[in-house]
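Student: I'm passing along entry.txt; it holds compact mmCIF, C-alpha atoms.
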```
# COMPACT_ATOMS: atom_id res chain seq x y z
CA MET A 810 55.88 49.83 65.08
CA SER A 811 58.10 52.72 66.24
CA ASP A 812 57.34 54.60 63.01
CA SER A 813 53.61 53.89 63.02
CA PRO A 814 51.14 56.79 63.38
CA ILE A 815 49.98 55.39 66.74
CA ALA A 816 53.54 55.18 68.07
CA LYS A 817 54.19 58.76 66.98
CA LEU A 818 51.01 59.94 68.69
CA THR A 819 51.90 58.13 71.91
CA ALA A 820 55.47 59.45 71.90
CA ASN A 821 54.34 63.01 71.21
CA ILE A 822 51.92 63.02 74.16
CA SER A 823 54.42 61.27 76.45
CA SER A 824 57.07 63.91 75.69
CA VAL A 825 55.13 66.49 77.72
CA PHE A 826 52.99 64.26 79.94
CA LEU A 827 55.66 62.44 81.91
CA GLY A 828 55.59 59.34 84.08
CA LYS A 829 52.10 58.06 83.29
CA PRO A 830 52.46 55.57 80.39
CA GLN A 831 49.29 53.65 81.31
CA VAL A 832 47.20 56.84 81.29
CA VAL A 833 48.67 57.85 77.93
CA GLU A 834 47.95 54.40 76.48
CA GLN A 835 44.35 54.49 77.70
CA VAL A 836 43.83 57.97 76.26
CA VAL A 837 45.35 57.00 72.90
CA THR A 838 43.18 53.87 72.89
CA ALA A 839 40.05 55.97 73.46
CA VAL A 840 41.03 58.41 70.69
CA ILE A 841 41.66 55.55 68.24
CA ALA A 842 38.31 54.03 69.24
CA GLY A 843 36.62 57.36 68.48
CA GLY A 844 35.28 57.67 72.02
CA HIS A 845 34.91 60.56 74.42
CA ILE A 846 37.06 60.81 77.55
CA LEU A 847 36.21 61.95 81.08
CA ILE A 848 39.17 62.80 83.33
CA GLU A 849 38.43 63.11 87.05
CA ASP A 850 41.22 64.35 89.30
CA VAL A 851 42.30 67.08 91.67
CA PRO A 852 43.63 70.36 90.24
CA GLY A 853 47.25 70.61 89.19
CA VAL A 854 48.03 67.01 88.18
CA GLY A 855 48.07 67.64 84.44
CA LYS A 856 44.50 67.21 83.17
CA THR A 857 44.70 70.27 80.95
CA THR A 858 48.25 69.46 79.79
CA LEU A 859 47.14 65.97 78.78
CA THR A 860 44.08 67.15 76.87
CA GLN A 861 46.00 69.91 75.11
CA ALA A 862 48.75 67.44 74.17
CA ILE A 863 46.16 65.20 72.52
CA ALA A 864 44.57 68.12 70.68
CA ARG A 865 47.91 69.50 69.44
CA SER A 866 49.07 66.05 68.34
CA ILE A 867 46.10 65.67 66.01
CA GLY A 868 45.87 67.97 63.02
CA GLY A 869 42.54 69.73 63.20
CA LYS A 870 40.57 72.38 65.04
CA PHE A 871 40.77 72.55 68.83
CA GLN A 872 38.39 74.42 71.13
CA ARG A 873 38.48 74.83 74.89
CA ILE A 874 35.19 75.53 76.66
CA GLN A 875 35.38 76.64 80.30
CA PHE A 876 32.18 75.44 81.94
CA THR A 877 30.67 77.88 84.44
CA SER A 878 27.33 78.21 86.20
CA ASP A 879 26.10 80.87 83.74
CA LEU A 880 27.08 79.03 80.54
CA LEU A 881 24.12 78.54 78.20
CA PRO A 882 23.53 75.86 75.54
CA ALA A 883 23.81 78.53 72.82
CA ASP A 884 27.28 79.41 74.11
CA ILE A 885 28.34 75.89 73.12
CA LEU A 886 26.16 74.97 70.16
CA GLY A 887 25.78 78.31 68.41
CA VAL A 888 22.88 80.57 67.57
CA THR A 889 20.75 81.67 64.61
CA ILE A 890 20.73 85.42 64.01
CA PHE A 891 19.04 87.65 61.46
CA ASP A 892 21.41 89.21 58.93
CA ARG A 893 19.90 92.57 57.94
CA ASN A 894 22.18 92.96 54.93
CA GLN A 895 21.23 89.59 53.47
CA ALA A 896 17.66 89.73 54.81
CA ARG A 897 17.86 86.17 56.05
CA PHE A 898 18.65 84.14 59.13
CA GLU A 899 22.19 82.89 59.48
CA PHE A 900 23.60 80.20 61.77
CA ARG A 901 26.68 81.17 63.76
CA PRO A 902 28.31 77.92 64.92
CA GLY A 903 29.50 77.65 68.50
CA PRO A 904 32.81 76.24 69.76
CA ILE A 905 31.53 72.68 69.62
CA PHE A 906 32.19 72.72 65.87
CA ALA A 907 35.77 71.49 66.23
CA ASN A 908 37.59 68.17 66.05
CA VAL A 909 38.82 68.13 69.64
CA ILE A 910 36.87 69.79 72.46
CA LEU A 911 38.24 70.37 75.95
CA ALA A 912 35.19 70.65 78.21
CA ASP A 913 36.85 72.00 81.33
CA GLU A 914 35.09 71.39 84.67
CA ILE A 915 31.97 70.05 83.03
CA ASN A 916 30.20 69.57 86.38
CA ARG A 917 30.21 73.32 87.11
CA THR A 918 27.50 74.13 84.59
CA SER A 919 23.76 73.53 84.72
CA PRO A 920 22.16 70.21 83.74
CA ARG A 921 20.53 71.94 80.76
CA THR A 922 23.89 72.99 79.33
CA GLN A 923 25.45 69.61 80.13
CA SER A 924 22.61 67.92 78.25
CA ALA A 925 23.15 70.11 75.19
CA LEU A 926 26.80 69.04 75.03
CA LEU A 927 26.14 65.37 75.70
CA GLU A 928 23.32 65.20 73.17
CA ALA A 929 25.70 66.54 70.53
CA MET A 930 28.31 63.99 71.64
CA ALA A 931 25.86 61.14 71.21
CA GLU A 932 24.32 62.22 67.90
CA GLN A 933 27.37 63.84 66.26
CA ARG A 934 25.18 66.74 65.17
CA VAL A 935 23.50 69.90 66.45
CA SER A 936 19.81 70.76 65.94
CA ILE A 937 18.78 74.41 66.20
CA ASP A 938 15.54 75.99 64.95
CA ASP A 939 14.49 72.85 63.05
CA GLN A 940 17.84 72.75 61.24
CA THR A 941 20.45 70.03 61.71
CA TYR A 942 24.17 70.71 61.40
CA PRO A 943 26.64 67.81 61.35
CA LEU A 944 29.70 68.06 63.55
CA PRO A 945 33.15 67.67 61.99
CA LYS A 946 34.86 64.29 61.85
CA PRO A 947 36.67 63.13 63.84
CA PHE A 948 34.90 64.61 66.86
CA ILE A 949 36.30 63.91 70.33
CA VAL A 950 35.32 65.48 73.65
CA LEU A 951 37.75 65.42 76.56
CA ALA A 952 35.93 66.53 79.69
CA THR A 953 37.47 67.24 83.09
CA GLN A 954 36.04 67.59 86.55
CA ASN A 955 37.38 68.00 90.07
CA PRO A 956 36.17 65.02 92.14
CA ILE A 957 36.66 66.50 95.62
CA GLU A 958 34.52 69.62 95.25
CA TYR A 959 30.76 69.25 95.22
CA HIS A 960 29.45 72.63 96.40
CA GLY A 961 28.05 74.54 93.45
CA THR A 962 28.47 71.60 91.08
CA TYR A 963 26.03 69.45 89.12
CA PRO A 964 27.17 65.81 88.99
CA LEU A 965 26.49 64.07 85.70
CA PRO A 966 23.74 61.43 85.96
CA GLU A 967 24.55 57.84 84.97
CA SER A 968 22.70 58.21 81.66
CA GLN A 969 25.04 61.03 80.67
CA LEU A 970 28.19 59.44 82.07
CA ASP A 971 27.38 56.56 79.72
CA ARG A 972 28.29 58.83 76.78
CA PHE A 973 31.97 58.71 77.75
CA LEU A 974 33.93 55.72 76.51
CA VAL A 975 36.38 55.89 79.42
CA ARG A 976 36.72 57.62 82.78
CA LEU A 977 40.31 58.13 83.87
CA SER A 978 42.16 59.37 86.92
CA ILE A 979 45.72 60.66 86.59
CA GLY A 980 47.03 60.75 90.17
CA TYR A 981 50.12 62.49 91.49
CA PRO A 982 53.43 61.88 89.67
CA ASP A 983 56.24 59.78 91.12
CA ARG A 984 58.80 61.71 93.15
CA SER A 985 61.50 61.40 90.46
CA ILE A 986 59.16 62.74 87.76
CA GLU A 987 57.95 65.56 89.98
CA LYS A 988 61.56 66.52 90.76
CA LYS A 989 62.35 66.58 87.04
CA LEU A 990 59.37 68.87 86.47
CA LEU A 991 60.48 71.23 89.23
CA LEU A 992 64.04 71.42 87.90
CA ASN A 993 63.29 71.71 84.20
CA ARG A 994 59.93 73.44 83.85
CA GLN A 995 60.40 76.94 82.49
CA ARG A 996 57.88 79.75 82.34
CA GLU A 997 56.58 78.51 78.99
CA GLU A 998 54.53 75.32 78.95
CA PRO A 999 56.21 72.52 76.89
CA VAL A 1000 52.83 71.55 75.45
CA GLU A 1001 52.76 74.87 73.58
CA GLN A 1002 55.64 73.61 71.43
CA LEU A 1003 53.93 70.39 70.31
CA GLY A 1004 53.09 69.95 66.66
CA ALA A 1005 50.66 67.60 64.95
CA VAL A 1006 51.96 64.09 64.25
CA LEU A 1007 48.67 62.60 63.06
CA SER A 1008 46.45 64.06 60.36
CA LEU A 1009 42.68 63.92 60.53
CA ALA A 1010 42.65 61.53 57.57
CA GLU A 1011 45.11 59.21 59.35
CA LEU A 1012 43.02 59.25 62.52
CA LEU A 1013 39.82 58.47 60.62
CA SER A 1014 41.63 55.61 58.87
CA LEU A 1015 42.79 54.19 62.20
CA GLN A 1016 39.28 54.45 63.63
CA ALA A 1017 37.98 52.51 60.62
CA GLN A 1018 40.62 49.82 61.19
CA VAL A 1019 39.25 49.17 64.68
CA ASP A 1020 36.19 47.54 63.12
CA ARG A 1021 38.41 44.96 61.43
CA ILE A 1022 40.13 43.78 64.62
CA MET A 1023 39.11 40.24 65.56
CA ILE A 1024 37.75 39.29 68.99
CA GLU A 1025 37.18 35.66 69.97
CA GLU A 1026 33.80 34.40 71.13
CA SER A 1027 35.30 33.37 74.50
CA LEU A 1028 36.22 37.01 75.22
CA VAL A 1029 32.73 38.16 74.23
CA ASP A 1030 31.27 35.54 76.60
CA TYR A 1031 33.55 36.84 79.37
CA ILE A 1032 32.36 40.41 78.79
CA LEU A 1033 28.75 39.22 78.94
CA GLN A 1034 29.46 37.44 82.25
CA VAL A 1035 30.89 40.64 83.73
CA VAL A 1036 27.98 42.72 82.45
CA THR A 1037 25.43 40.23 83.80
CA ALA A 1038 27.16 40.24 87.19
CA THR A 1039 26.76 44.02 87.43
CA ARG A 1040 23.06 43.75 86.60
CA THR A 1041 22.35 41.20 89.34
CA ALA A 1042 24.58 42.58 92.12
CA PRO A 1043 22.44 43.63 95.11
CA VAL A 1044 24.80 46.53 95.90
CA LEU A 1045 24.00 48.17 92.56
CA ARG A 1046 20.83 49.96 91.52
CA ALA A 1047 21.61 49.34 87.85
CA GLY A 1048 24.38 47.59 85.98
CA VAL A 1049 26.14 48.01 82.66
CA SER A 1050 23.89 48.55 79.63
CA THR A 1051 24.28 46.92 76.22
CA ARG A 1052 25.87 50.19 75.08
CA GLY A 1053 28.46 49.76 77.82
CA ALA A 1054 29.22 46.20 76.68
CA LEU A 1055 29.62 47.40 73.09
CA ALA A 1056 31.92 50.16 74.32
CA LEU A 1057 34.16 47.62 76.04
CA VAL A 1058 34.37 45.49 72.88
CA ARG A 1059 35.33 48.49 70.77
CA ALA A 1060 37.85 49.74 73.35
CA ALA A 1061 39.45 46.28 73.51
CA LYS A 1062 39.74 46.21 69.71
CA ALA A 1063 41.29 49.69 69.75
CA ARG A 1064 43.84 48.62 72.37
CA ALA A 1065 44.78 45.63 70.22
CA LEU A 1066 45.40 48.02 67.32
CA VAL A 1067 47.46 50.31 69.59
CA GLN A 1068 49.51 47.26 70.58
CA GLY A 1069 50.10 46.40 66.91
CA ARG A 1070 47.84 43.35 66.73
CA THR A 1071 44.96 42.40 64.44
CA TYR A 1072 43.21 40.42 67.18
CA CYS A 1073 42.24 40.89 70.83
CA VAL A 1074 43.84 39.06 73.74
CA PRO A 1075 42.49 38.77 77.31
CA ASP A 1076 44.68 41.64 78.52
CA ASP A 1077 42.93 44.00 76.11
CA VAL A 1078 39.70 43.41 77.99
CA SER A 1079 41.04 43.19 81.55
CA GLU A 1080 43.08 46.41 81.25
CA LEU A 1081 39.98 48.36 80.21
CA LEU A 1082 37.30 46.91 82.49
CA ILE A 1083 37.62 49.66 85.11
CA PRO A 1084 38.06 52.69 82.79
CA VAL A 1085 35.20 51.62 80.50
CA LEU A 1086 32.65 50.10 82.88
CA ALA A 1087 33.02 51.54 86.40
CA HIS A 1088 31.40 54.91 85.65
CA ARG A 1089 28.38 53.13 84.15
CA LEU A 1090 27.37 51.54 87.47
CA ALA A 1091 24.52 53.06 89.47
CA LEU A 1092 25.19 52.65 93.19
CA ASN A 1093 22.43 52.12 95.75
CA ASN A 1094 24.08 54.61 98.10
CA PRO A 1095 26.35 56.85 96.05
CA GLY A 1096 29.03 58.85 97.86
CA GLN A 1097 28.52 62.54 98.40
CA ASP A 1098 31.52 63.54 96.30
CA LEU A 1099 32.79 62.21 92.98
CA GLN A 1100 35.98 60.78 94.44
CA THR A 1101 34.09 58.57 96.90
CA HIS A 1102 31.64 57.55 94.19
CA ARG A 1103 34.47 56.55 91.85
CA GLN A 1104 36.32 54.58 94.54
CA GLU A 1105 33.15 52.69 95.52
CA SER A 1106 32.12 51.84 91.96
CA GLU A 1107 35.64 50.65 91.05
CA ALA A 1108 35.89 48.54 94.21
CA ILE A 1109 32.53 46.89 93.50
CA LEU A 1110 33.50 46.15 89.90
CA ARG A 1111 36.86 44.66 90.94
CA GLU A 1112 35.11 42.39 93.45
CA LEU A 1113 32.62 41.19 90.82
CA VAL A 1114 35.34 40.60 88.23
CA ALA A 1115 37.50 38.68 90.69
CA ALA A 1116 34.88 35.91 90.77
CA ILE A 1117 34.83 35.49 86.97
CA PRO A 1118 37.77 33.60 85.37
CA LEU A 1119 39.42 35.40 82.47
CA PRO A 1120 39.81 33.26 79.31
CA VAL A 1121 43.36 32.17 78.52
```
How would this structure read if it were set down as C-alpha cells?
Tutor:
Amino acid sequence: MSDSPIAKLTANISSVFLGKPQVVEQVVTAVIAGGHILIEDVPGVGKTTLTQAIARSIGGKFQRIQFTSDLLPADILGVTIFDRNQARFEFRPGPIFANVILADEINRTSPRTQSALLEAMAEQRVSIDDQTYPLPKPFIVLATQNPIEYHGTYPLPESQLDRFLVRLSIGYPDRSIEKKLLLNRQREEPVEQLGAVLSLAELLSLQAQVDRIMIEESLVDYILQVVTATRTAPVLRAGVSTRGALALVRAAKARALVQGRTYCVPDDVSELLIPVLAHRLALNNPGQDLQTHRQESEAILRELVAAIPLPV
C-alpha cells in the first residue's frame, strides 16, 4: 500500500500540508472520486497551499482563477474572435481548459460568472456561439471562499453548491505544527518544490476503479434513511437530492479504494456524511454569513444522523 499511487499522492500532499491528515484524506478521496471540492475557511490557514499541492501532485495542466467582482464568463470560458489572416472565426480557450482549476474566492464574483463555471463543472464541456468544446479529462475544480466576510460577496445558491462533491473546512493548525511552520518556513513556499507523483492516466484509471468497489445493500438503505430524514425535517426547507445520495455512494466507494479495500464499510459512509451532505441542505432561516450557515447545517445533520443506527 505504501508504494501505491494513492499512498504517494497522499504523502506528497502531506509533506507540505502539515498536521491535517483527515483533511488530506478527504481531499484525496474527492480527487479519486472525480468530484469537485469547495474549501471554506478564514484566510491564512492553507487553502491555497492545499489546492496547489493537489495540482502539482497530479501531472497535467493547472490554472488559478482569481474571482473578482468584474470577472466575466468569457474570462473563464474563452471567446471566439475573427482571425483576419485566416478569414475565419477562431475559438480562444479560457483558463477553464485545464485539468485542475483553483477557483479562488468564488463568492466574490457575480452570479452570472459563477453560473458559467458551475455549468461547465456539471457538463464537462463549454458551449460558445453554438459550438461545444469538451473539457480535458480529468477535470477537477477546487474552489475556495472566506466564510466570515459577506459584504460584497455573492453566496452560492443550494443548486450550485450541489455541484461540489465535498465541502471542507481546514481550521487552525495545532500549536506544535504551527511552531514548526514558524521555525522552518523560509521565504520560498515548500509547495513550489513539489513534483507530480500521479500521471493523468493513473488518475483516470483510479477513478474508473471506483465504479468496481462493492457497497452492501444495508449501507445503501442507511444512506436512504439519512436522505429521507433530511427531506422530512421541519427545520429544513429542502433536503438532500438523489444526486446528493449518489454523491455519497461514490465518495464512500472512493474512500474504500483510498483505504486499500475493494468494498465499503460503515466508516466509509459515516466519515463522509458531513463533507458530502451538509452543504446540500436548505435551511429555513439561513445564517447571514457562510460560517454560521455551515455550522447550523452541520449541527442539524449530526442531530438527524444520531437517531439513525449505522449498520455493523
Student: I want to know what sits within 12 Å of Pro999 (chain A), based on only C-alpha atoms, with residues of the same chain fewer than 5 positions away left out; could you give that as a list in words?
Tutor: Asn821, Ile822, Ser823, Ser824, Val825, Phe826, Leu827, Thr858, Leu859, Gln861, Ala862, Arg865, Leu990, Asn993, Arg994 and Gly1004 of chain A
Student: Determine, counting all atoms listed in the file, which protein, DNA and RNA residues have an atom within 6 Å of an atom of region 882-892 of chain A; residues of the same chain fewer than 4 positions away are not included. Present the result as a list in words.
Tutor: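 Within the cut-off, the hits are Ala896, Arg897, Phe898, Glu899, Phe900, Arg901, Pro902, Gly903, Pro904, Ile905, Thr922 and Ala925 of chain A.
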Student: What does the structure give for the distance between CA of Gln923 (chain A) and CA of Leu880 (chain A), in Å to one decimal?
Tutor: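 CA of Gln923 (chain A) sits 9.6 Å away from CA of Leu880 (chain A).
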Student: Counting all atoms listed in the file, which residues in region 977-1041 of chain A sit no more than 12 Å from region 1092-1109 of chain A? For each one, give the nearest pair of atoms and the distance in Å, sorted by chain then residue number, as a tab-separated table.
Tutor:
```
residue	atom	partner	partner_atom	distance
A:Leu977	CA	A:Arg1103	CA	10.0
A:Ser978	CA	A:Arg1103	CA	9.6
A:Gly980	CA	A:Gln1100	CA	11.8
A:Val1035	CA	A:Ile1109	CA	11.7
A:Ala1038	CA	A:Ile1109	CA	10.6
A:Thr1039	CA	A:Ile1109	CA	8.9
A:Arg1040	CA	A:Leu1092	CA	11.3
```
Student: Between A:Asn916, A:Gln933, A:Gln1018, A:Gln1002, which residue has the minimum interatomic distance to His845 (chain A), considering only C-alpha atoms?
Tutor: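 Closest to His845 (chain A), using only C-alpha atoms: A:Gln933.
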Student: Which is closest to Glu1011 (chain A) among A:Lys946, A:Leu926, A:Arg893, A:Phe871, if we use all atoms listed in the file?
Tutor: A:Lys946
Student: Would you mind listing what lies within 10 Å of Leu1119 (chain A) as a ChimeraX atom specification, with only C-alpha atoms counted and same-chain residues fewer than 2 positions away left out?
Tutor: /A:1027-1028,1031-1032,1075-1076,1078-1079,1114-1117,1121
Student: Between A:Leu1110, A:Leu1081, A:Ala1047, A:Ala842, which residue has the minimum interatomic distance to Ile1022 (chain A), considering all atoms listed in the file?
Tutor: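 Counting all atoms listed in the file, the residue closest to Ile1022 (chain A) is A:Ala842.
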Student: When distances are computed from all atoms listed in the file, which of A:Leu1003, A:Ile874, A:Leu1066, A:Ala1091 shows the smallest separation from Ala816 (chain A)?
Tutor: A:Leu1066
Student: My list of candidates is A:Asp913, A:Pro920, A:Arg1064, A:Pro943. Which is closest to Thr838 (chain A) when distances are computed with only C-alpha atoms?
Tutor: A:Arg1064
Student: Emit as lines of an AutoDock Vina configuration file the padded axis-aligned box for all listed atoms of region 854-861 of chain A, 4 Å per side, with centre and edge lengths in Å to one decimal.
Tutor:
```
center_x = 46.2
center_y = 68.1
center_z = 81.6
size_x = 12.2
size_y = 12.3
size_z = 21.1
```
Student: Rounded to one decimal place, report the CA of Ser919 (chain A)-CA of Pro956 (chain A) distance in Å.
Tutor: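 Value for the CA of Ser919 (chain A)-CA of Pro956 (chain A) distance: 16.8 Å.
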Student: What does the distance from CA of Ile1024 (chain A) to CA of Ser968 (chain A) come to in Å, to one decimal?
Tutor: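 CA of Ser968 (chain A) lies at a distance of 27.3 Å from CA of Ile1024 (chain A).
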Student: Around the point (34.7, 60.4, 70.3) (coordinates from the file), which residues reach within 8 Å if we count all atoms listed in the file? Answer as a ChimeraX atom specification.
Tutor: /A:839-840,842-846,930,947-950,974
Student: For Val1085 (chain A), which residue out of A:Val1058, A:Val1067, A:Leu911, A:Leu927 is the nearest one, using only C-alpha atoms?
Tutor: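 The answer is A:Val1058, which sits nearest to Val1085 (chain A).
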Student: Which residues come within 7 Å of Pro982 (chain A), counting only C-alpha atoms, excluding same-chain residues fewer than 3 positions away, as a PyMOL selection string?
Tutor: chain A and resi 828+986-987
Student: Can you tell me which residues surround Pro1084 (chain A) at a distance of at most 8 Å, considering all atoms listed in the file, apart from same-chain residues fewer than 4 positions away, and format the answer as an MDAnalysis selection string?
Tutor: chainID A and resid 975:977 1088
Student: Print the selection's residues with C-alpha atoms to a file, as a CSV table (one decimal), keeping the file's coordinate frame.
Tutor:
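Saved as out_30.csv:
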```
chain,number,residue,atom,x,y,z
A,975,VAL,CA,36.4,55.9,79.4
A,976,ARG,CA,36.7,57.6,82.8
A,977,LEU,CA,40.3,58.1,83.9
A,1088,HIS,CA,31.4,54.9,85.6
```
